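Asker: Enclosed is the structure file upload_17.csv (CSV, C-alpha atoms).
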```csv
chain,number,residue,atom,x,y,z
A,57,MET,CA,-146.1,-28.5,-174.0
A,58,GLY,CA,-143.1,-29.4,-176.1
A,59,GLN,CA,-140.9,-32.4,-175.9
A,60,PRO,CA,-140.8,-34.9,-172.9
A,61,SER,CA,-137.5,-33.5,-171.7
A,62,ASN,CA,-139.1,-30.0,-171.5
A,63,SER,CA,-139.9,-28.7,-168.0
A,64,ARG,CA,-143.5,-27.9,-169.0
A,65,TYR,CA,-144.1,-31.4,-170.2
A,66,GLN,CA,-142.6,-32.8,-167.0
A,67,ALA,CA,-144.7,-30.5,-164.9
A,68,VAL,CA,-147.9,-31.7,-166.6
A,69,ARG,CA,-146.9,-35.3,-166.3
A,70,ARG,CA,-146.2,-35.0,-162.6
A,71,PHE,CA,-149.5,-33.2,-162.0
A,72,ALA,CA,-151.4,-36.0,-163.8
A,73,ARG,CA,-149.6,-38.7,-161.8
A,74,ARG,CA,-149.9,-37.0,-158.4
A,75,ASN,CA,-153.6,-36.3,-158.8
A,76,ASP,CA,-154.4,-39.5,-160.6
A,77,VAL,CA,-155.8,-37.5,-163.6
A,78,THR,CA,-156.0,-38.7,-167.2
A,79,PHE,CA,-156.2,-36.1,-169.9
A,80,VAL,CA,-158.7,-37.0,-172.5
A,81,LEU,CA,-158.2,-35.7,-176.0
A,82,PRO,CA,-160.8,-35.5,-178.7
A,83,GLU,CA,-159.8,-37.6,-181.8
A,84,ARG,CA,-159.4,-34.5,-183.9
A,85,VAL,CA,-157.0,-32.9,-181.4
A,86,TYR,CA,-154.9,-36.0,-181.3
A,87,GLU,CA,-154.7,-36.1,-185.1
A,88,GLU,CA,-153.4,-32.6,-185.1
A,89,LEU,CA,-150.7,-33.4,-182.5
A,90,THR,CA,-149.5,-36.4,-184.5
A,91,VAL,CA,-149.5,-35.0,-187.9
A,92,ASP,CA,-146.3,-35.3,-189.8
A,93,GLU,CA,-144.7,-31.9,-189.2
A,94,SER,CA,-141.3,-30.8,-190.2
A,95,ASP,CA,-141.1,-28.5,-187.2
A,96,VAL,CA,-141.5,-31.3,-184.7
A,97,GLU,CA,-139.1,-34.2,-184.4
A,98,GLU,CA,-141.2,-36.7,-182.4
A,99,VAL,CA,-144.7,-37.0,-181.1
A,100,PRO,CA,-144.7,-36.2,-177.3
A,101,ILE,CA,-148.4,-37.0,-176.8
A,102,ASP,CA,-147.8,-40.6,-177.6
A,103,THR,CA,-145.4,-40.9,-174.7
A,104,GLY,CA,-148.1,-39.6,-172.4
A,105,ILE,CA,-150.6,-42.1,-173.8
A,106,ASP,CA,-148.1,-44.9,-173.4
A,107,LYS,CA,-147.6,-43.9,-169.8
A,108,GLY,CA,-151.3,-43.7,-169.1
A,109,TRP,CA,-151.8,-40.1,-168.3
A,110,ALA,CA,-153.3,-39.1,-171.6
A,111,THR,CA,-155.9,-41.0,-173.7
A,112,VAL,CA,-157.8,-40.4,-176.9
A,113,ALA,CA,-161.6,-40.4,-176.6
A,114,ALA,CA,-163.8,-42.6,-178.7
A,115,PRO,CA,-165.3,-40.8,-181.8
A,116,LEU,CA,-168.0,-38.3,-180.9
A,117,GLU,CA,-171.6,-39.5,-181.1
A,118,PHE,CA,-173.3,-36.9,-183.1
A,119,SER,CA,-176.5,-38.9,-183.1
A,120,GLU,CA,-176.8,-37.7,-179.5
A,121,PRO,CA,-178.6,-34.4,-180.0
A,122,VAL,CA,-176.8,-32.6,-177.1
A,123,VAL,CA,-173.4,-33.5,-178.7
A,124,SER,CA,-174.2,-32.0,-182.0
A,125,ARG,CA,-176.0,-29.0,-180.4
A,126,VAL,CA,-172.9,-28.2,-178.4
A,127,MET,CA,-170.6,-28.7,-181.3
A,128,ASP,CA,-172.7,-26.2,-183.5
A,129,GLY,CA,-173.1,-23.8,-180.6
A,130,VAL,CA,-169.4,-23.5,-179.9
A,131,GLN,CA,-168.6,-23.2,-183.6
A,132,ARG,CA,-171.1,-20.3,-183.7
A,133,TYR,CA,-169.7,-18.8,-180.5
A,134,ILE,CA,-166.1,-18.7,-181.9
A,135,ALA,CA,-167.3,-17.5,-185.3
A,136,ASN,CA,-169.2,-14.6,-183.7
A,137,ALA,CA,-166.2,-13.5,-181.7
A,138,ASP,CA,-164.4,-12.8,-185.0
A,139,ASN,CA,-167.4,-12.1,-187.3
A,140,ARG,CA,-166.8,-15.1,-189.4
A,141,PRO,CA,-169.3,-17.6,-190.9
A,142,ALA,CA,-169.6,-20.5,-188.5
A,143,ASP,CA,-168.7,-23.1,-191.1
A,144,GLU,CA,-165.2,-21.6,-191.3
A,145,VAL,CA,-164.5,-22.6,-187.7
A,146,GLU,CA,-162.5,-25.8,-187.4
A,147,ARG,CA,-164.5,-28.5,-185.8
A,148,ALA,CA,-161.5,-29.4,-183.6
A,149,ASP,CA,-162.1,-26.1,-181.7
A,150,ALA,CA,-165.6,-27.2,-180.7
A,151,ALA,CA,-164.8,-30.9,-180.2
A,152,LEU,CA,-163.6,-30.3,-176.6
A,153,ALA,CA,-167.0,-29.0,-175.6
A,154,ALA,CA,-168.8,-31.7,-177.6
A,155,LEU,CA,-166.8,-34.4,-175.8
A,156,ALA,CA,-167.6,-32.8,-172.5
A,157,ALA,CA,-171.3,-32.8,-173.4
A,158,GLN,CA,-171.1,-36.4,-174.4
A,159,GLN,CA,-169.5,-37.5,-171.1
A,160,LEU,CA,-171.8,-35.3,-168.9
A,161,SER,CA,-175.0,-36.5,-170.6
A,162,ALA,CA,-173.9,-40.1,-170.6
A,163,GLY,CA,-173.0,-39.8,-166.9
A,164,THR,CA,-169.4,-41.0,-167.4
A,165,ALA,CA,-168.3,-37.7,-165.8
A,166,THR,CA,-170.1,-35.5,-163.4
A,167,GLU,CA,-167.5,-32.7,-163.5
A,168,VAL,CA,-165.4,-31.7,-166.4
A,169,TYR,CA,-162.3,-29.5,-166.7
A,170,ILE,CA,-161.6,-28.2,-170.2
A,171,TYR,CA,-157.9,-27.4,-170.8
A,172,THR,CA,-157.2,-25.2,-173.7
A,173,THR,CA,-154.9,-22.3,-174.6
A,174,ASP,CA,-157.6,-20.8,-176.9
A,175,ILE,CA,-159.7,-18.4,-174.8
A,176,ALA,CA,-162.5,-18.4,-177.4
A,177,ALA,CA,-162.8,-22.2,-177.3
A,178,GLY,CA,-162.7,-22.3,-173.5
A,179,GLU,CA,-165.2,-19.5,-173.0
A,180,GLY,CA,-167.4,-20.8,-175.8
A,181,ALA,CA,-167.4,-24.3,-174.1
A,182,GLU,CA,-168.4,-22.8,-170.8
A,183,SER,CA,-171.1,-20.6,-172.3
A,184,VAL,CA,-172.7,-23.2,-174.5
A,185,LEU,CA,-172.5,-26.0,-171.9
A,186,ALA,CA,-174.1,-23.6,-169.4
A,187,SER,CA,-177.0,-23.1,-171.7
A,188,GLU,CA,-177.4,-26.9,-171.8
A,189,GLY,CA,-177.7,-26.9,-168.0
A,190,TYR,CA,-174.1,-28.0,-167.2
A,191,GLY,CA,-172.9,-24.6,-166.0
A,192,ASP,CA,-171.9,-25.9,-162.6
A,193,SER,CA,-170.1,-29.0,-163.9
A,194,VAL,CA,-167.7,-27.3,-166.3
A,195,THR,CA,-164.6,-25.4,-165.7
A,196,PHE,CA,-162.4,-23.8,-168.4
A,197,VAL,CA,-158.8,-24.1,-167.4
A,198,ASN,CA,-156.5,-21.6,-169.1
A,199,GLY,CA,-153.7,-23.9,-170.4
A,200,PHE,CA,-151.1,-21.2,-170.0
A,201,ARG,CA,-152.0,-20.2,-166.5
A,202,PHE,CA,-152.2,-23.9,-165.5
A,203,ILE,CA,-148.7,-24.7,-166.8
A,204,GLU,CA,-147.2,-21.5,-165.4
A,205,ASP,CA,-148.7,-22.2,-162.0
A,206,LEU,CA,-147.4,-25.8,-162.1
A,207,ILE,CA,-143.9,-24.6,-163.0
A,208,ALA,CA,-144.0,-22.0,-160.3
A,209,ALA,CA,-145.1,-24.5,-157.7
A,210,ASP,CA,-142.4,-26.9,-158.7
A,211,SER,CA,-139.6,-24.4,-158.5
B,199,MET,CA,-146.4,22.2,-201.1
B,200,SER,CA,-144.2,24.4,-199.0
B,201,ARG,CA,-140.6,23.7,-198.1
B,202,THR,CA,-141.5,23.2,-194.4
B,203,SER,CA,-144.0,20.6,-195.1
B,204,ASN,CA,-141.5,18.9,-197.4
B,205,ARG,CA,-139.1,18.9,-194.4
B,206,ALA,CA,-141.8,17.4,-192.2
B,207,ASP,CA,-142.3,14.7,-194.9
B,208,GLY,CA,-138.5,14.0,-194.8
B,209,ASP,CA,-138.7,13.6,-191.0
B,210,ILE,CA,-141.5,11.1,-191.4
B,211,VAL,CA,-139.4,9.1,-193.9
B,212,GLN,CA,-136.5,9.3,-191.5
B,213,ASP,CA,-138.6,7.9,-188.7
B,214,PHE,CA,-139.7,5.2,-190.9
B,215,LEU,CA,-136.2,4.2,-191.9
B,216,SER,CA,-135.1,4.3,-188.3
B,217,VAL,CA,-137.9,1.9,-187.4
B,218,ALA,CA,-137.1,-0.3,-190.4
B,219,ASP,CA,-133.5,-0.5,-189.1
B,220,LEU,CA,-134.8,-1.6,-185.7
B,221,LEU,CA,-136.8,-4.4,-187.3
B,222,GLU,CA,-133.8,-5.5,-189.3
B,223,GLU,CA,-131.5,-5.8,-186.3
B,224,PRO,CA,-132.8,-7.8,-183.4
B,225,GLN,CA,-130.1,-6.5,-181.0
B,226,LEU,CA,-131.3,-3.0,-181.6
B,227,ALA,CA,-134.9,-4.0,-181.3
B,228,GLN,CA,-134.1,-5.8,-178.0
B,229,LEU,CA,-132.4,-2.7,-176.6
B,230,TYR,CA,-135.2,-0.4,-177.7
B,231,ALA,CA,-137.8,-2.7,-176.0
B,232,TYR,CA,-135.7,-2.8,-172.9
B,233,LEU,CA,-135.5,1.0,-172.6
B,234,ALA,CA,-139.2,1.2,-173.4
B,235,ARG,CA,-139.9,-1.2,-170.5
B,236,GLU,CA,-137.5,0.3,-168.0
B,237,GLY,CA,-138.5,3.9,-168.6
B,238,GLU,CA,-134.9,5.2,-168.1
B,239,ALA,CA,-131.6,3.4,-168.0
B,240,THR,CA,-127.9,4.0,-168.0
B,241,VAL,CA,-125.4,2.2,-170.3
B,242,GLN,CA,-124.3,0.3,-167.2
B,243,ASP,CA,-127.9,-0.9,-166.7
B,244,VAL,CA,-127.9,-2.0,-170.3
B,245,MET,CA,-124.7,-3.9,-169.9
B,246,ASP,CA,-125.9,-5.6,-166.7
B,247,ASP,CA,-129.4,-6.5,-167.8
B,248,LEU,CA,-128.8,-7.4,-171.4
B,249,GLU,CA,-125.3,-8.9,-170.8
B,250,LEU,CA,-123.6,-6.7,-173.4
B,251,ALA,CA,-119.9,-5.7,-173.4
B,252,GLN,CA,-119.3,-2.0,-172.7
B,253,GLY,CA,-118.2,-1.2,-176.2
B,254,THR,CA,-121.3,-2.9,-177.7
B,255,ALA,CA,-123.7,-1.3,-175.3
B,256,TYR,CA,-122.3,2.2,-176.1
B,257,SER,CA,-122.4,1.6,-179.8
B,258,TYR,CA,-126.0,0.3,-179.8
B,259,VAL,CA,-127.2,3.1,-177.5
B,260,ASN,CA,-125.5,5.7,-179.7
B,261,ARG,CA,-127.0,4.2,-182.9
B,262,LEU,CA,-130.5,4.4,-181.3
B,263,VAL,CA,-129.9,8.0,-180.3
B,264,ASP,CA,-128.6,8.9,-183.8
B,265,ALA,CA,-131.7,7.2,-185.3
B,266,GLY,CA,-133.9,9.4,-183.1
B,267,VAL,CA,-135.7,6.6,-181.4
B,268,VAL,CA,-133.9,7.0,-178.1
B,269,ASP,CA,-133.4,10.3,-176.2
B,270,VAL,CA,-130.9,11.3,-173.5
B,271,ALA,CA,-133.4,11.8,-170.6
B,272,ASP,CA,-130.9,13.2,-168.2
B,273,ASP,CA,-127.5,14.6,-169.3
B,274,GLN,CA,-125.9,14.3,-165.9
B,275,GLN,CA,-123.4,11.5,-165.5
B,276,PRO,CA,-124.2,8.7,-165.7
B,277,ARG,CA,-126.5,9.6,-168.6
B,278,GLN,CA,-130.0,8.2,-168.5
B,279,TYR,CA,-131.5,7.1,-171.8
B,280,ALA,CA,-135.2,6.7,-172.6
B,281,ALA,CA,-137.1,5.3,-175.6
B,282,ARG,CA,-139.2,7.6,-177.7
B,283,GLU,CA,-142.6,6.3,-178.4
B,284,ILE,CA,-142.9,4.7,-181.8
B,285,ASP,CA,-146.3,4.5,-183.3
B,286,LEU,CA,-146.0,4.4,-187.1
B,287,THR,CA,-149.0,3.5,-189.2
B,288,VAL,CA,-148.3,2.2,-192.7
B,289,THR,CA,-151.1,2.2,-195.2
B,290,THR,CA,-151.2,0.3,-198.5
B,291,ALA,CA,-151.4,2.4,-201.7
B,292,ALA,CA,-155.0,1.4,-202.2
B,293,GLY,CA,-155.7,2.6,-198.6
B,294,ASP,CA,-157.6,-0.6,-197.9
B,295,ARG,CA,-155.3,-1.9,-195.3
B,296,GLU,CA,-153.1,-0.3,-192.6
B,297,TYR,CA,-150.7,-1.6,-190.1
B,298,THR,CA,-149.3,0.2,-187.1
B,299,ILE,CA,-145.8,-0.6,-186.1
B,300,THR,CA,-145.9,-0.6,-182.3
B,301,PRO,CA,-143.4,-1.1,-179.5
B,302,ALA,CA,-144.9,-4.6,-179.2
B,303,LEU,CA,-143.7,-5.6,-182.7
B,304,ILE,CA,-140.3,-4.2,-182.0
B,305,ASP,CA,-140.2,-6.1,-178.7
B,306,ALA,CA,-141.2,-9.3,-180.5
B,307,VAL,CA,-138.5,-8.9,-183.1
B,308,GLY,CA,-136.0,-8.2,-180.3
B,309,ARG,CA,-136.9,-11.5,-178.7
B,310,ARG,CA,-135.7,-13.3,-181.7
B,311,GLU,CA,-132.3,-13.2,-180.0
B,312,THR,CA,-133.5,-15.3,-177.1
B,313,ASN,CA,-136.5,-17.2,-178.5
B,314,ALA,CA,-135.9,-20.0,-181.1
B,315,ASP,CA,-139.6,-20.1,-182.1
B,316,ILE,CA,-139.7,-16.4,-183.0
B,317,ASP,CA,-136.3,-16.7,-184.8
B,318,THR,CA,-137.5,-19.6,-186.9
B,319,TYR,CA,-140.8,-17.9,-187.7
B,320,ILE,CA,-139.0,-14.8,-188.9
B,321,ASP,CA,-136.7,-16.9,-191.0
B,322,ARG,CA,-139.7,-18.5,-192.7
B,323,HIS,CA,-142.2,-15.7,-192.8
B,324,GLY,CA,-140.2,-12.5,-192.5
B,325,VAL,CA,-140.8,-9.6,-190.1
B,326,ALA,CA,-144.0,-8.9,-192.0
B,327,GLY,CA,-145.2,-12.4,-191.2
B,328,LEU,CA,-144.3,-11.9,-187.6
B,329,ALA,CA,-146.4,-8.7,-187.6
B,330,THR,CA,-149.4,-10.7,-188.8
B,331,ALA,CA,-148.8,-13.4,-186.2
B,332,LEU,CA,-148.7,-10.7,-183.5
B,333,THR,CA,-152.1,-9.4,-184.6
B,334,TYR,CA,-153.4,-13.0,-184.2
B,335,ALA,CA,-151.7,-13.4,-180.9
B,336,ILE,CA,-153.5,-10.3,-179.5
B,337,ALA,CA,-156.8,-11.4,-180.9
B,338,ARG,CA,-156.3,-14.9,-179.5
B,339,GLU,CA,-155.6,-13.6,-176.0
B,340,ARG,CA,-158.7,-11.4,-176.2
B,341,GLY,CA,-160.7,-14.5,-177.1
B,342,GLU,CA,-161.5,-13.5,-180.6
B,343,VAL,CA,-159.7,-16.1,-182.6
B,344,THR,CA,-158.2,-19.6,-182.1
B,345,HIS,CA,-154.9,-21.0,-183.2
B,346,ARG,CA,-156.7,-23.2,-185.7
B,347,LEU,CA,-158.4,-20.2,-187.4
B,348,MET,CA,-155.0,-18.6,-187.6
B,349,ALA,CA,-153.5,-21.8,-189.1
B,350,GLU,CA,-156.3,-21.9,-191.7
B,351,ASP,CA,-156.1,-18.3,-192.6
B,352,LEU,CA,-152.3,-18.4,-193.1
B,353,ASP,CA,-152.1,-21.9,-194.5
B,354,ILE,CA,-149.8,-23.2,-191.8
B,355,SER,CA,-150.3,-26.2,-189.5
B,356,PRO,CA,-152.2,-25.7,-186.2
B,357,LEU,CA,-149.0,-26.8,-184.4
B,358,ALA,CA,-146.9,-24.1,-186.1
B,359,ALA,CA,-149.6,-21.5,-185.3
B,360,GLU,CA,-149.7,-22.6,-181.6
B,361,MET,CA,-145.9,-22.4,-181.3
B,362,ILE,CA,-145.6,-18.8,-182.5
B,363,LEU,CA,-148.7,-17.8,-180.6
B,364,GLN,CA,-147.2,-19.2,-177.4
B,365,ALA,CA,-143.9,-17.5,-178.1
B,366,LEU,CA,-145.7,-14.1,-178.6
B,367,ARG,CA,-148.0,-14.4,-175.6
B,368,PRO,CA,-145.6,-12.7,-173.2
B,369,VAL,CA,-145.2,-9.8,-175.6
B,370,VAL,CA,-149.0,-9.4,-175.8
B,371,HIS,CA,-149.4,-9.5,-172.1
B,372,GLU,CA,-146.6,-7.0,-171.6
B,373,HIS,CA,-148.0,-4.4,-174.1
B,374,TYR,CA,-151.7,-4.8,-173.9
B,375,ASP,CA,-154.2,-4.8,-171.1
B,376,ILE,CA,-155.7,-8.2,-171.2
B,377,VAL,CA,-157.8,-9.8,-168.5
B,378,GLU,CA,-156.8,-13.4,-168.1
B,379,SER,CA,-159.6,-15.8,-168.8
B,380,GLY,CA,-160.2,-19.3,-167.4
B,381,VAL,CA,-158.8,-20.6,-164.1
B,382,GLY,CA,-155.3,-21.6,-163.1
B,383,LEU,CA,-154.0,-24.3,-160.9
B,384,ASP,CA,-155.2,-22.7,-157.6
B,385,GLU,CA,-158.8,-22.8,-158.6
B,386,LEU,CA,-158.7,-26.4,-159.6
B,387,ASP,CA,-160.5,-28.7,-157.2
B,388,ILE,CA,-159.0,-32.1,-158.1
B,389,ASP,CA,-159.2,-34.8,-155.6
B,390,ASP,CA,-161.1,-37.6,-157.2
B,391,GLY,CA,-159.5,-38.3,-160.5
B,392,ASP,CA,-161.9,-36.3,-162.6
B,393,THR,CA,-162.0,-36.4,-166.3
B,394,ALA,CA,-159.9,-33.7,-167.8
B,395,GLU,CA,-159.8,-32.7,-171.4
B,396,ASP,CA,-157.0,-31.1,-173.3
B,397,ALA,CA,-156.5,-29.3,-176.6
```
Please express what this file holds, its structure, as structure tokens.
Answerer:
Amino acid sequence: MGQPSNSRYQAVRRFARRNDVTFVLPERVYEELTVDESDVEEVPIDTGIDKGWATVAAPLEFSEPVVSRVMDGVQRYIANADNRPADEVERADAALAALAAQQLSAGTATEVYIYTTDIAAGEGAESVLASEGYGDSVTFVNGFRFIEDLIAADS
Amino acid sequence: MSRTSNRADGDIVQDFLSVADLLEEPQLAQLYAYLAREGEATVQDVMDDLELAQGTAYSYVNRLVDAGVVDVADDQQPRQYAAREIDLTVTTAAGDREYTITPALIDAVGRRETNADIDTYIDRHGVAGLATALTYAIARERGEVTHRLMAEDLDISPLAAEMILQALRPVVHEHYDIVESGVGLDELDIDDGDTAEDA
């Protein structure tokens, strides 16, 4: 999304505010975005958290069988797509789906939209959550299409 | 080996050197990619669309014609120029790896002129590094790999991987047939402040 001054960042912020949406980030994803990085000057996500349209989820509860099943399932799905061993797949890729599983099974959400630019992670989440019976409750939103649509709608 | 096959070998080496020149000079790569995209174009079109001065446009077009990667498609005035297809496969001596230099790579290099993320990436990892990143960008759009796997394979940060993958995405969609996966804004049914998750 880039820096807060960036048009893409602004478009997402406006979308969240207008629709009263809060983006929930798995802890691992947040850690990646806040890592000390020479390429990046400041941490844009913290601004979103301060303003209340983004939040970091509590740690995943792997003691919940469905959470760890979904985590493993998505890791396997991504690994299969590229013929790799599943343990090579970063857990952050699967954390989105695991978080969705946690919220759906706990009843804190009845419908989940998963935003990612990684097709394999999005499709993996949809496929594995469907096999857990949540097929109708989960939508994979292509992060690029979403932002391009927002910008087109704003202009 | 006969003389004629030696000459053919020479042509291949010449092709290779021409393409190597394109990869070294982003302005030439940008012009080549433009002609490949347009089909045919005149020098005036080049001046208008790439915002080049007349002298510069003529000089670049002539260099591409001399290098043999652009042909005069129609000799009537104003002349129409067209890109020749480049599809050059480089194989390592051991024969265990090969890479095809495609119009997509040339296009990506050409975008260095207008895209700071591509420019920075080439500065750090070279054109060879960009070629590798492009391979990942294609695989990612096909749903075969994630930015995190790329980061791990190449020992760069996930954020750096995501930035170059985003910068290369338009190149991938222009040169490869990829069905877009996932929904966009229109298919979102948001009205009640649902939970949304983001990576």
Asker: Pick out the residues sitting within 7 Å of B:Ile299, and hand them over as a PDB file with C-alpha atoms, in the coordinates of the input; count only C-alpha atoms, and ignore anything fewer than 6 positions along from it in its own chain.
Answerer:
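Generated file (result31.pdb):
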```
ATOM      1  CA  ASP B 285    -146.300   4.500-183.300  1.00  0.00           C
ATOM      2  CA  LEU B 286    -146.000   4.400-187.100  1.00  0.00           C
ATOM      3  CA  THR B 287    -149.000   3.500-189.200  1.00  0.00           C
TER       4      THR B 287
END
```
Asker: Up to 6 Å from chain B, what residues of chain A turn up? Count only C-alpha atoms and give them as a ChimeraX atom specification.
Answerer: /A:76-77,79-81,137-138,168-172,174-176,196-198,201-202,205
Asker: Which of these residues is nearest to B:Tyr232, using all atoms listed in the file: B:Tyr319, B:Tyr279, B:Tyr334, B:Tyr374?
Answerer: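 Of B:Tyr319, B:Tyr279, B:Tyr334, B:Tyr374, the one nearest B:Tyr232, counting all atoms listed in the file, is B:Tyr279.
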Asker: Go through A:Arg125, A:Arg132, A:Arg147, A:Arg74 and flag the residue nearest A:Ser187, using only C-alpha atoms for the distances.
Answerer: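 Selected residue with least distance to A:Ser187: A:Arg125.
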Asker: For atom CA of A:Ala67 and atom CA of A:Ala177, quote the distance in Å rounded to one decimal.
Answerer: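 These atoms are spaced 23.5 Å apart.
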Asker: Compute the distance from (-137.3, -6.2, -183.0) to each atom, counting all atoms listed in the file, keep the residues with any atom at most 8 Å away, and return them as a list in words; use the coordinates of the file.
Answerer: Leu220, Leu221, Glu222, Glu223, Pro224, Gln225, Leu226, Ala227, Gln228, Ala231, Leu303, Ile304, Asp305, Ala306, Val307, Gly308, Arg309 and Arg310 of chain B
Asker: Can you tell me, as a list in words, what residues are no more than 7 Å from A:Val184 when counting all atoms listed in the file, ignoring any on the same chain fewer than 6 positions away?
Answerer: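 The neighbour list is Val126, Gly129 and Val130 of chain A.
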Asker: Identify, on the basis of all atoms listed in the file, every residue whose closest approach to A:Glu83 does not exceed 7 Å; exclude the query and any residue fewer than 3 positions from it along the same chain; express the result as a PyMOL selection string.
Answerer: chain A and resi 86-87+112-113+115
Asker: Would you save the residues of that selection, restricted to C-alpha atoms, as an mmCIF file, in the coordinates of the input?
Answerer:
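Once written, selection-v4.cif looks like this:
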```cif
data_model
loop_
_atom_site.group_PDB
_atom_site.id
_atom_site.type_symbol
_atom_site.label_atom_id
_atom_site.label_comp_id
_atom_site.auth_asym_id
_atom_site.auth_seq_id
_atom_site.Cartn_x
_atom_site.Cartn_y
_atom_site.Cartn_z
ATOM 1 C CA TYR A 86 -154.900 -36.000 -181.300
ATOM 2 C CA GLU A 87 -154.700 -36.100 -185.100
ATOM 3 C CA VAL A 112 -157.800 -40.400 -176.900
ATOM 4 C CA ALA A 113 -161.600 -40.400 -176.600
ATOM 5 C CA PRO A 115 -165.300 -40.800 -181.800
#
```
Asker: Neighbouring residues of A:Phe118 were defined as those with any atom within 12 Å, considering all atoms listed in the file; residues of the same chain fewer than 6 positions away were excluded. Please report them as an MDAnalysis selection string.
Answerer: chainID A and resid 124:128 151 154:155 157:158
Asker: Report, in Å to a single decimal, how far apart atom CA of A:Asp143 and atom CA of A:Val91 are.
Answerer: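 Those two atoms sit 22.8 Å apart.
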Asker: Which value, in Å to one decimal, gives the distance between atom CA of A:Ser193 and atom CA of A:Thr166?
Answerer: 6.5 Å
Asker: From the options B:Asn260, B:Ala218, B:Ala280, B:Gly266, which residue's atoms come nearest to B:Thr240, counting all atoms listed in the file?
Answerer: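 Between B:Asn260, B:Ala218, B:Ala280, B:Gly266, the residue approaching B:Thr240 most closely is B:Ala280.
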